[in-house]
file data03.cif (mmCIF, C-alpha atoms and all ligand atoms)
data_model
loop_
_atom_site.group_PDB
_atom_site.id
_atom_site.type_symbol
_atom_site.label_atom_id
_atom_site.label_comp_id
_atom_site.auth_asym_id
_atom_site.auth_seq_id
_atom_site.Cartn_x
_atom_site.Cartn_y
_atom_site.Cartn_z
ATOM 1 C CA MET A 1464 23.589 -2.174 8.857
ATOM 2 C CA SER A 1465 20.764 -4.436 9.984
ATOM 3 C CA ILE A 1466 23.252 -7.173 10.792
ATOM 4 C CA GLU A 1467 25.171 -4.820 13.079
ATOM 5 C CA ARG A 1468 21.959 -3.702 14.795
ATOM 6 C CA ALA A 1469 20.900 -7.331 15.220
ATOM 7 C CA LYS A 1470 24.278 -8.269 16.679
ATOM 8 C CA ALA A 1471 24.037 -5.401 19.182
ATOM 9 C CA VAL A 1472 20.579 -6.595 20.259
ATOM 10 C CA LEU A 1473 21.805 -10.190 20.605
ATOM 11 C CA ASP A 1474 24.993 -9.262 22.462
ATOM 12 C CA GLY A 1475 23.455 -8.656 25.840
ATOM 13 C CA ALA A 1476 20.507 -11.051 25.418
ATOM 14 C CA ARG A 1477 19.959 -14.301 27.332
ATOM 15 C CA ARG A 1478 16.420 -15.478 26.584
ATOM 16 C CA ILE A 1479 16.089 -16.063 22.842
ATOM 17 C CA LEU A 1480 13.231 -17.531 20.827
ATOM 18 C CA VAL A 1481 14.203 -18.789 17.370
ATOM 19 C CA PHE A 1482 11.122 -19.339 15.172
ATOM 20 C CA THR A 1483 11.656 -21.023 11.796
ATOM 21 C CA GLY A 1484 9.624 -21.839 8.703
ATOM 22 C CA ALA A 1485 10.212 -23.547 5.359
ATOM 23 C CA GLY A 1486 12.693 -20.864 4.263
ATOM 24 C CA VAL A 1487 15.330 -22.153 6.706
ATOM 25 C CA SER A 1488 15.345 -25.437 4.718
ATOM 26 C CA ALA A 1489 15.129 -23.876 1.249
ATOM 27 C CA GLU A 1490 18.925 -23.988 0.781
ATOM 28 C CA SER A 1491 18.831 -27.676 1.708
ATOM 29 C CA GLY A 1492 16.738 -28.210 -1.423
ATOM 30 C CA VAL A 1493 13.391 -28.546 0.358
ATOM 31 C CA PRO A 1494 10.623 -26.793 -1.605
ATOM 32 C CA THR A 1495 8.827 -24.054 0.347
ATOM 33 C CA PHE A 1496 5.028 -24.033 0.443
ATOM 34 C CA ARG A 1497 4.438 -20.574 -1.064
ATOM 35 C CA GLY A 1498 6.415 -18.655 -3.604
ATOM 36 C CA GLY A 1499 8.568 -20.328 -6.266
ATOM 37 C CA GLY A 1500 9.201 -24.056 -6.354
ATOM 38 C CA GLY A 1501 6.465 -25.000 -3.894
ATOM 39 C CA SER A 1502 5.252 -28.580 -4.101
ATOM 40 C CA ALA A 1503 1.755 -27.156 -4.104
ATOM 41 C CA VAL A 1504 0.252 -29.662 -6.563
ATOM 42 C CA TRP A 1505 0.800 -33.425 -6.792
ATOM 43 C CA ARG A 1506 -1.030 -35.784 -9.117
ATOM 44 C CA GLY A 1507 -3.209 -32.787 -9.941
ATOM 45 C CA MET A 1508 -4.358 -32.478 -6.341
ATOM 46 C CA ASP A 1509 -3.720 -29.422 -4.183
ATOM 47 C CA ALA A 1510 -1.308 -29.956 -1.283
ATOM 48 C CA THR A 1511 -3.719 -28.438 1.212
ATOM 49 C CA GLU A 1512 -6.357 -30.996 0.171
ATOM 50 C CA LEU A 1513 -3.855 -33.873 0.417
ATOM 51 C CA SER A 1514 -2.620 -32.636 3.798
ATOM 52 C CA SER A 1515 -6.111 -32.400 5.254
ATOM 53 C CA ALA A 1516 -7.521 -34.209 8.265
ATOM 54 C CA ARG A 1517 -10.530 -35.280 6.171
ATOM 55 C CA MET A 1518 -8.293 -37.166 3.761
ATOM 56 C CA VAL A 1519 -6.868 -39.296 6.615
ATOM 57 C CA GLY A 1520 -10.374 -40.636 7.178
ATOM 58 C CA SER A 1521 -11.309 -41.035 3.522
ATOM 59 C CA ASP A 1522 -8.074 -42.195 1.882
ATOM 60 C CA LEU A 1523 -5.200 -42.908 4.291
ATOM 61 C CA LYS A 1524 -3.300 -44.766 1.538
ATOM 62 C CA LEU A 1525 -3.298 -41.683 -0.699
ATOM 63 C CA VAL A 1526 -2.191 -39.491 2.217
ATOM 64 C CA TRP A 1527 0.787 -41.822 2.745
ATOM 65 C CA GLU A 1528 1.578 -41.829 -0.978
ATOM 66 C CA TRP A 1529 1.700 -38.018 -0.854
ATOM 67 C CA PHE A 1530 3.844 -38.043 2.294
ATOM 68 C CA GLU A 1531 6.104 -40.753 0.856
ATOM 69 C CA TYR A 1532 6.648 -38.490 -2.162
ATOM 70 C CA ARG A 1533 7.731 -35.672 0.204
ATOM 71 C CA ARG A 1534 9.808 -38.029 2.369
ATOM 72 C CA GLY A 1535 11.531 -39.254 -0.796
ATOM 73 C CA LEU A 1536 12.458 -35.660 -1.693
ATOM 74 C CA LEU A 1537 13.666 -35.019 1.861
ATOM 75 C CA ALA A 1538 15.725 -38.228 2.134
ATOM 76 C CA SER A 1539 18.451 -36.635 0.004
ATOM 77 C CA CYS A 1540 18.328 -33.258 1.820
ATOM 78 C CA GLY A 1541 20.732 -32.416 4.648
ATOM 79 C CA PRO A 1542 20.988 -29.499 7.082
ATOM 80 C CA ASN A 1543 22.412 -26.267 5.647
ATOM 81 C CA PRO A 1544 24.553 -23.611 7.415
ATOM 82 C CA ALA A 1545 21.399 -21.986 8.784
ATOM 83 C CA HIS A 1546 20.381 -25.144 10.669
ATOM 84 C CA GLN A 1547 23.965 -25.636 11.832
ATOM 85 C CA THR A 1548 24.278 -22.066 13.117
ATOM 86 C CA ILE A 1549 21.008 -22.372 15.039
ATOM 87 C CA ALA A 1550 22.277 -25.628 16.594
ATOM 88 C CA GLU A 1551 25.456 -23.813 17.720
ATOM 89 C CA TRP A 1552 23.434 -20.961 19.216
ATOM 90 C CA ALA A 1553 22.152 -23.354 21.876
ATOM 91 C CA ASP A 1554 25.636 -23.132 23.462
ATOM 92 C CA ARG A 1555 25.847 -19.382 22.865
ATOM 93 C CA PHE A 1556 22.611 -18.326 24.608
ATOM 94 C CA SER A 1557 21.873 -19.621 28.102
ATOM 95 C CA ASP A 1558 18.129 -19.790 27.531
ATOM 96 C CA MET A 1559 17.293 -20.419 23.875
ATOM 97 C CA THR A 1560 14.121 -22.097 22.621
ATOM 98 C CA LEU A 1561 13.834 -23.313 19.029
ATOM 99 C CA VAL A 1562 10.314 -23.520 17.622
ATOM 100 C CA THR A 1563 9.790 -24.724 14.064
ATOM 101 C CA GLN A 1564 6.829 -25.023 11.716
ATOM 102 C CA ASN A 1565 8.835 -27.457 9.597
ATOM 103 C CA VAL A 1566 8.232 -31.200 9.624
ATOM 104 C CA ASP A 1567 11.482 -32.103 7.785
ATOM 105 C CA GLY A 1568 13.532 -32.980 10.883
ATOM 106 C CA LEU A 1569 16.549 -30.981 9.622
ATOM 107 C CA HIS A 1570 17.009 -29.058 12.876
ATOM 108 C CA ASP A 1571 17.386 -32.435 14.670
ATOM 109 C CA LYS A 1572 19.836 -33.621 12.002
ATOM 110 C CA ALA A 1573 21.910 -30.443 12.518
ATOM 111 C CA GLY A 1574 22.213 -31.260 16.228
ATOM 112 C CA SER A 1575 19.505 -29.050 17.752
ATOM 113 C CA ARG A 1576 17.880 -30.680 20.799
ATOM 114 C CA ASP A 1577 14.422 -30.359 22.294
ATOM 115 C CA VAL A 1578 13.076 -28.725 19.116
ATOM 116 C CA LEU A 1579 9.455 -27.635 19.536
ATOM 117 C CA GLU A 1580 7.828 -28.986 16.370
ATOM 118 C CA LEU A 1581 4.520 -27.148 16.103
ATOM 119 C CA HIS A 1582 3.414 -29.080 13.016
ATOM 120 C CA GLY A 1583 4.883 -32.495 13.905
ATOM 121 C CA ASN A 1584 7.543 -34.492 12.092
ATOM 122 C CA ILE A 1585 7.283 -36.286 8.728
ATOM 123 C CA TRP A 1586 9.641 -39.050 9.994
ATOM 124 C CA ARG A 1587 7.220 -40.088 12.736
ATOM 125 C CA GLY A 1588 3.986 -42.115 12.570
ATOM 126 C CA ARG A 1589 1.102 -42.043 15.041
ATOM 127 C CA CYS A 1590 -1.115 -45.108 15.396
ATOM 128 C CA LEU A 1591 -4.794 -44.426 14.678
ATOM 129 C CA ALA A 1592 -5.771 -47.308 16.967
ATOM 130 C CA CYS A 1593 -3.557 -46.967 20.072
ATOM 131 C CA GLY A 1594 -1.891 -43.568 19.609
ATOM 132 C CA ALA A 1595 1.664 -44.963 19.800
ATOM 133 C CA LEU A 1596 4.349 -42.809 18.182
ATOM 134 C CA GLU A 1597 6.976 -44.534 16.042
ATOM 135 C CA ARG A 1598 10.039 -43.385 14.070
ATOM 136 C CA LEU A 1599 9.541 -44.287 10.403
ATOM 137 C CA ASP A 1600 12.929 -43.392 8.946
ATOM 138 C CA ASP A 1601 12.933 -45.741 5.940
ATOM 139 C CA THR A 1602 11.494 -44.412 2.714
ATOM 140 C CA PRO A 1603 9.993 -46.022 0.683
ATOM 141 C CA LEU A 1604 8.101 -47.678 3.521
ATOM 142 C CA PRO A 1605 7.860 -51.514 3.449
ATOM 143 C CA GLU A 1606 4.050 -51.176 3.509
ATOM 144 C CA VAL A 1607 1.623 -48.274 2.994
ATOM 145 C CA PRO A 1608 -0.107 -47.395 5.318
ATOM 146 C CA PRO A 1609 2.587 -48.580 7.809
ATOM 147 C CA SER A 1610 1.496 -50.876 10.658
ATOM 148 C CA CYS A 1611 1.960 -50.036 14.321
ATOM 149 C CA SER A 1612 4.654 -52.205 16.007
ATOM 150 C CA THR A 1613 2.703 -51.985 19.269
ATOM 151 C CA CYS A 1614 -0.815 -53.037 18.286
ATOM 152 C CA GLY A 1615 -0.795 -53.817 14.536
ATOM 153 C CA GLY A 1616 -3.093 -50.869 13.794
ATOM 154 C CA LYS A 1617 -2.394 -48.362 11.043
ATOM 155 C CA HIS A 1618 -0.163 -45.286 11.455
ATOM 156 C CA ARG A 1619 -0.996 -41.844 10.103
ATOM 157 C CA PRO A 1620 1.794 -39.299 9.621
ATOM 158 C CA ASP A 1621 2.490 -37.555 12.955
ATOM 159 C CA VAL A 1622 2.078 -34.201 11.200
ATOM 160 C CA VAL A 1623 -0.544 -31.511 11.912
ATOM 161 C CA LEU A 1624 -2.827 -31.443 8.876
ATOM 162 C CA PHE A 1625 -5.026 -28.597 7.712
ATOM 163 C CA GLY A 1626 -8.093 -28.463 9.912
ATOM 164 C CA GLU A 1627 -6.323 -29.968 12.918
ATOM 165 C CA PHE A 1628 -5.163 -28.491 16.202
ATOM 166 C CA LEU A 1629 -1.500 -28.068 17.080
ATOM 167 C CA PRO A 1630 -0.087 -30.394 19.785
ATOM 168 C CA GLU A 1631 -1.268 -28.574 22.907
ATOM 169 C CA ASP A 1632 1.764 -29.155 25.130
ATOM 170 C CA VAL A 1633 4.170 -28.072 22.379
ATOM 171 C CA PHE A 1634 2.192 -24.909 21.657
ATOM 172 C CA LYS A 1635 1.984 -24.091 25.381
ATOM 173 C CA ARG A 1636 5.764 -24.431 25.784
ATOM 174 C CA ALA A 1637 6.347 -22.337 22.650
ATOM 175 C CA THR A 1638 3.977 -19.615 23.895
ATOM 176 C CA ALA A 1639 5.673 -19.551 27.311
ATOM 177 C CA ALA A 1640 9.053 -19.115 25.579
ATOM 178 C CA ALA A 1641 7.616 -16.272 23.467
ATOM 179 C CA GLU A 1642 6.261 -14.536 26.571
ATOM 180 C CA ARG A 1643 9.707 -14.664 28.238
ATOM 181 C CA ALA A 1644 11.889 -13.910 25.228
ATOM 182 C CA GLU A 1645 14.107 -10.827 25.104
ATOM 183 C CA VAL A 1646 14.763 -11.402 21.386
ATOM 184 C CA CYS A 1647 12.746 -13.369 18.815
ATOM 185 C CA ILE A 1648 14.580 -14.329 15.617
ATOM 186 C CA VAL A 1649 12.113 -15.177 12.824
ATOM 187 C CA VAL A 1650 13.747 -17.154 10.002
ATOM 188 C CA GLY A 1651 12.191 -18.098 6.675
ATOM 189 C CA THR A 1652 8.464 -17.897 7.232
ATOM 190 C CA SER A 1653 5.696 -16.079 5.378
ATOM 191 C CA ALA A 1654 3.930 -15.894 8.771
ATOM 192 C CA LEU A 1655 0.585 -16.581 7.088
ATOM 193 C CA VAL A 1656 -0.454 -19.714 8.965
ATOM 194 C CA PHE A 1657 -1.925 -19.344 12.429
ATOM 195 C CA PRO A 1658 -1.773 -20.049 15.315
ATOM 196 C CA ALA A 1659 1.976 -20.697 14.680
ATOM 197 C CA ALA A 1660 2.512 -17.178 13.315
ATOM 198 C CA GLU A 1661 1.066 -15.816 16.570
ATOM 199 C CA LEU A 1662 4.343 -16.496 18.406
ATOM 200 C CA PRO A 1663 6.466 -13.559 17.188
ATOM 201 C CA LEU A 1664 3.479 -11.287 17.978
ATOM 202 C CA VAL A 1665 3.330 -12.651 21.545
ATOM 203 C CA ALA A 1666 7.064 -12.008 21.927
ATOM 204 C CA ALA A 1667 6.768 -8.458 20.547
ATOM 205 C CA ARG A 1668 3.783 -7.706 22.814
ATOM 206 C CA ASN A 1669 5.931 -8.741 25.778
ATOM 207 C CA GLY A 1670 8.698 -6.357 24.803
ATOM 208 C CA ALA A 1671 10.994 -8.633 22.806
ATOM 209 C CA SER A 1672 13.090 -7.251 19.963
ATOM 210 C CA ILE A 1673 12.184 -8.949 16.678
ATOM 211 C CA ILE A 1674 14.823 -9.834 14.111
ATOM 212 C CA GLU A 1675 13.556 -11.250 10.790
ATOM 213 C CA VAL A 1676 15.745 -13.062 8.240
ATOM 214 C CA ASN A 1677 14.030 -13.535 4.868
ATOM 215 C CA PRO A 1678 14.697 -12.486 1.243
ATOM 216 C CA GLU A 1679 11.111 -11.141 1.250
ATOM 217 C CA PRO A 1680 10.076 -9.503 4.535
ATOM 218 C CA SER A 1681 6.887 -11.006 5.996
ATOM 219 C CA GLY A 1682 6.234 -7.850 8.047
ATOM 220 C CA ILE A 1683 5.289 -9.991 11.062
ATOM 221 C CA GLY A 1684 7.629 -8.128 13.372
ATOM 222 C CA GLY A 1685 6.079 -4.747 12.682
ATOM 223 C CA PRO A 1686 7.851 -1.469 11.920
ATOM 224 C CA LEU A 1687 10.248 -1.707 14.883
ATOM 225 C CA SER A 1688 11.627 -5.082 13.873
ATOM 226 C CA ILE A 1689 15.130 -5.465 12.459
ATOM 227 C CA MET A 1690 14.708 -6.791 8.919
ATOM 228 C CA ILE A 1691 17.688 -8.579 7.381
ATOM 229 C CA GLU A 1692 16.899 -9.292 3.744
ATOM 230 C CA GLY A 1693 18.801 -12.349 2.635
ATOM 231 C CA ARG A 1694 19.000 -16.094 2.625
ATOM 232 C CA ALA A 1695 19.190 -17.849 5.969
ATOM 233 C CA GLY A 1696 22.241 -19.891 4.965
ATOM 234 C CA ASP A 1697 24.167 -16.660 4.249
ATOM 235 C CA VAL A 1698 22.838 -14.419 7.016
ATOM 236 C CA LEU A 1699 22.736 -16.654 10.108
ATOM 237 C CA PRO A 1700 26.443 -17.608 10.100
ATOM 238 C CA ARG A 1701 27.264 -13.885 9.788
ATOM 239 C CA LEU A 1702 24.882 -13.048 12.596
HETATM 240 N N1 LIG A 1801 16.226 -18.093 3.531
HETATM 241 C C1 LIG A 1801 15.268 -17.514 4.298
HETATM 242 N N2 LIG A 1801 13.968 -17.420 3.939
HETATM 243 C C2 LIG A 1801 13.630 -17.922 2.736
HETATM 244 C C3 LIG A 1801 14.561 -18.537 1.863
HETATM 245 C C4 LIG A 1801 15.913 -18.610 2.313
HETATM 246 N N3 LIG A 1801 16.870 -19.177 1.561
HETATM 247 N N4 LIG A 1801 13.900 -18.934 0.740
HETATM 248 C C5 LIG A 1801 12.604 -18.587 0.905
HETATM 249 N N5 LIG A 1801 12.441 -17.966 2.091
HETATM 250 C C6 LIG A 1801 11.215 -17.455 2.698
HETATM 251 C C7 LIG A 1801 10.150 -17.000 1.714
HETATM 252 O O1 LIG A 1801 10.374 -15.633 1.367
HETATM 253 C C8 LIG A 1801 8.888 -17.154 2.556
HETATM 254 O O2 LIG A 1801 8.632 -15.983 3.306
HETATM 255 O O3 LIG A 1801 10.628 -18.517 3.402
HETATM 256 C C9 LIG A 1801 9.236 -18.286 3.519
HETATM 257 C C10 LIG A 1801 8.507 -19.586 3.207
HETATM 258 O O4 LIG A 1801 7.142 -19.359 3.417
HETATM 259 P P1 LIG A 1801 6.122 -20.577 3.285
HETATM 260 O O5 LIG A 1801 6.442 -21.378 2.063
HETATM 261 O O6 LIG A 1801 4.750 -20.014 3.475
HETATM 262 O O7 LIG A 1801 6.480 -21.524 4.520
HETATM 263 P P2 LIG A 1801 6.029 -21.359 6.029
HETATM 264 O O8 LIG A 1801 5.922 -19.916 6.393
HETATM 265 O O9 LIG A 1801 6.915 -22.220 6.834
HETATM 266 O O10 LIG A 1801 4.542 -22.021 6.017
HETATM 267 C C11 LIG A 1801 3.913 -22.178 7.276
HETATM 268 O O11 LIG A 1801 2.150 -23.400 6.197
HETATM 269 O O12 LIG A 1801 1.655 -24.970 4.581
HETATM 270 C C12 LIG A 1801 1.736 -24.751 5.944
HETATM 271 O O13 LIG A 1801 2.199 -26.311 7.635
HETATM 272 C C13 LIG A 1801 2.775 -25.660 6.543
HETATM 273 O O14 LIG A 1801 4.434 -25.185 8.226
HETATM 274 C C14 LIG A 1801 3.861 -24.697 7.014
HETATM 275 C C15 LIG A 1801 3.091 -23.427 7.254
#
call {"tool": "encode", "arguments": {"input": "data03.cif", "output": "structure tokens", "more": "lines below"}}
Ligand code: APR
result
Amino acid sequence: MSIERAKAVLDGARRILVFTGAGVSAESGVPTFRGGGGSAVWRGMDATELSSARMVGSDLKLVWEWFEYRRGLLASCGPNPAHQTIAEWADRFSDMTLVTQNVDGLHDKAGSRDVLELHGNIWRGRCLACGALERLDDTPLPEVPPSCSTCGGKHRPDVVLFGEFLPEDVFKRATAAAERAEVCIVVGTSALVFPAAELPLVAARNGASIIEVNPEPSGIGGPLSIMIEGRAGDVLPRL
């Protein structure tokens, strides 16, 4: 029933915002942050502490050891049918914007282009000295912390850590897409972390229809949203 309603809403739509969270990568084997299987604790330390801006200043080596652990897990994970379907939607809708909270790079791997990565990307480093961005695809890294190829300084992960602001230009573009959207499809997020979770609310306030795909509804879309309870890898190809 919900799938049919969602299809009807999508049929005539042109401007689509797709907003994804960790749930879209769950079927790729990537642990989500909340709920079962989260990698919430590592070496007895809480993930939110390890992924904090303060820790970059106090123990950059430990931050990289934590991120190398996650990169190691991700290295064997590939896109699942949910990522692939979203990549195909770019040809289906004339004006689709993909915004993700994920840092795993799986939307890129599935072929999506111009992905708005609100929380950065775990496969990229940012130099603390000169600000240069650099792809760091090899894990384990040859040295930890990795050195900047431009100036020899040290890279930090180019990921938004707790206590940090989102990349302003990315968030602006994502907000503009939410303001224009006719439909916002929310996939696999608990919608608990702001300001990212603000985006479906912006879309709804501007009259967009909200479709949520999640085994456990987050409720972000409000009572008028179309809730499709299920796993992204099953639901999106059917949608
Ligand atoms: N398909 C769809 N949704 C799923 C699936 C699946 N197969 N498996 C789990 N989910 C849903 C869960 O029900 C939950 O609502 O995915 C959501 C995952 O929620 P979180 O783990 O909180 O991840 P997310 O919402 O992306 O977290 C937001 O919090 O820790 C920070 O920066 C981190 O980007 C992250 C942000």
call {"tool": "residues_near_ligand", "arguments": {"input": "data03.cif", "ligand": "ligand LIG 1801 (chain A)", "cutoff": "9 Å", "atoms": "all atoms listed in the file", "output": "MDAnalysis selection string"}}
result
chainID A and resid 1483:1491 1494:1499 1501 1503 1510:1511 1514 1545 1563:1566 1581:1582 1622:1625 1650:1657 1659:1660 1676:1681 1692:1698
call {"tool": "resolve_selection", "arguments": {"input": "data03.cif", "expression": "the PyMOL selection byres (((chain A and resi 1628-1640) around 9) and not hetatm)", "output": "VMD selection string"}}
result
chain A and resid 1478 to 1480 1559 to 1562 1579 to 1583 1623 to 1627 1641 to 1644 1658 to 1659 1661 to 1662 1665 to 1666
call {"tool": "residues_around", "arguments": {"input": "data03.cif", "residues": "Gly1541 (chain A)", "least_positions_apart": "3", "cutoff": "12 Å", "atoms": "all atoms listed in the file", "output": "CSV table (one decimal) with C-alpha atoms, in the frame of the given file"}}
result
chain,number,residue,atom,x,y,z
A,1487,VAL,CA,15.3,-22.2,6.7
A,1488,SER,CA,15.3,-25.4,4.7
A,1489,ALA,CA,15.1,-23.9,1.2
A,1490,GLU,CA,18.9,-24.0,0.8
A,1491,SER,CA,18.8,-27.7,1.7
A,1492,GLY,CA,16.7,-28.2,-1.4
A,1493,VAL,CA,13.4,-28.5,0.4
A,1536,LEU,CA,12.5,-35.7,-1.7
A,1537,LEU,CA,13.7,-35.0,1.9
A,1538,ALA,CA,15.7,-38.2,2.1
A,1544,PRO,CA,24.6,-23.6,7.4
A,1545,ALA,CA,21.4,-22.0,8.8
A,1546,HIS,CA,20.4,-25.1,10.7
A,1547,GLN,CA,24.0,-25.6,11.8
A,1567,ASP,CA,11.5,-32.1,7.8
A,1568,GLY,CA,13.5,-33.0,10.9
A,1569,LEU,CA,16.5,-31.0,9.6
A,1570,HIS,CA,17.0,-29.1,12.9
A,1571,ASP,CA,17.4,-32.4,14.7
A,1572,LYS,CA,19.8,-33.6,12.0
A,1573,ALA,CA,21.9,-30.4,12.5
A,1574,GLY,CA,22.2,-31.3,16.2
call {"tool": "atom_distance", "arguments": {"input": "data03.cif", "atom1": "CA of Gly1616 (chain A)", "atom2": "CA of Ala1595 (chain A)"}}
result
9.7 Å
call {"tool": "closest_residue", "arguments": {"input": "data03.cif", "among": "A:Val1578, A:Arg1506, A:Ser1515, A:Pro1620", "to": "Glu1597 (chain A)", "atoms": "all atoms listed in the file"}}
result
A:Pro1620
call {"tool": "resolve_selection", "arguments": {"input": "data03.cif", "expression": "the PyMOL selection byres (((chain A and resi 1592-1594) around 7) and not hetatm)", "output": "number ranges by chain"}}
result
A: 1589-1591, 1595-1596, 1614, 1616-1617
call {"tool": "closest_residue", "arguments": {"input": "data03.cif", "among": "A:Ile1549, A:Leu1664, A:Leu1473, A:Leu1525", "to": "Gly1685 (chain A)", "atoms": "all atoms listed in the file"}}
result
A:Leu1664
call {"tool": "atom_distance", "arguments": {"input": "data03.cif", "atom1": "CA of Asn1584 (chain A)", "atom2": "CA of Pro1542 (chain A)"}}
result
15.2 Å
call {"tool": "atom_distance", "arguments": {"input": "data03.cif", "atom1": "CA of Glu1675 (chain A)", "atom2": "CA of Ile1689 (chain A)"}}
result
6.2 Å
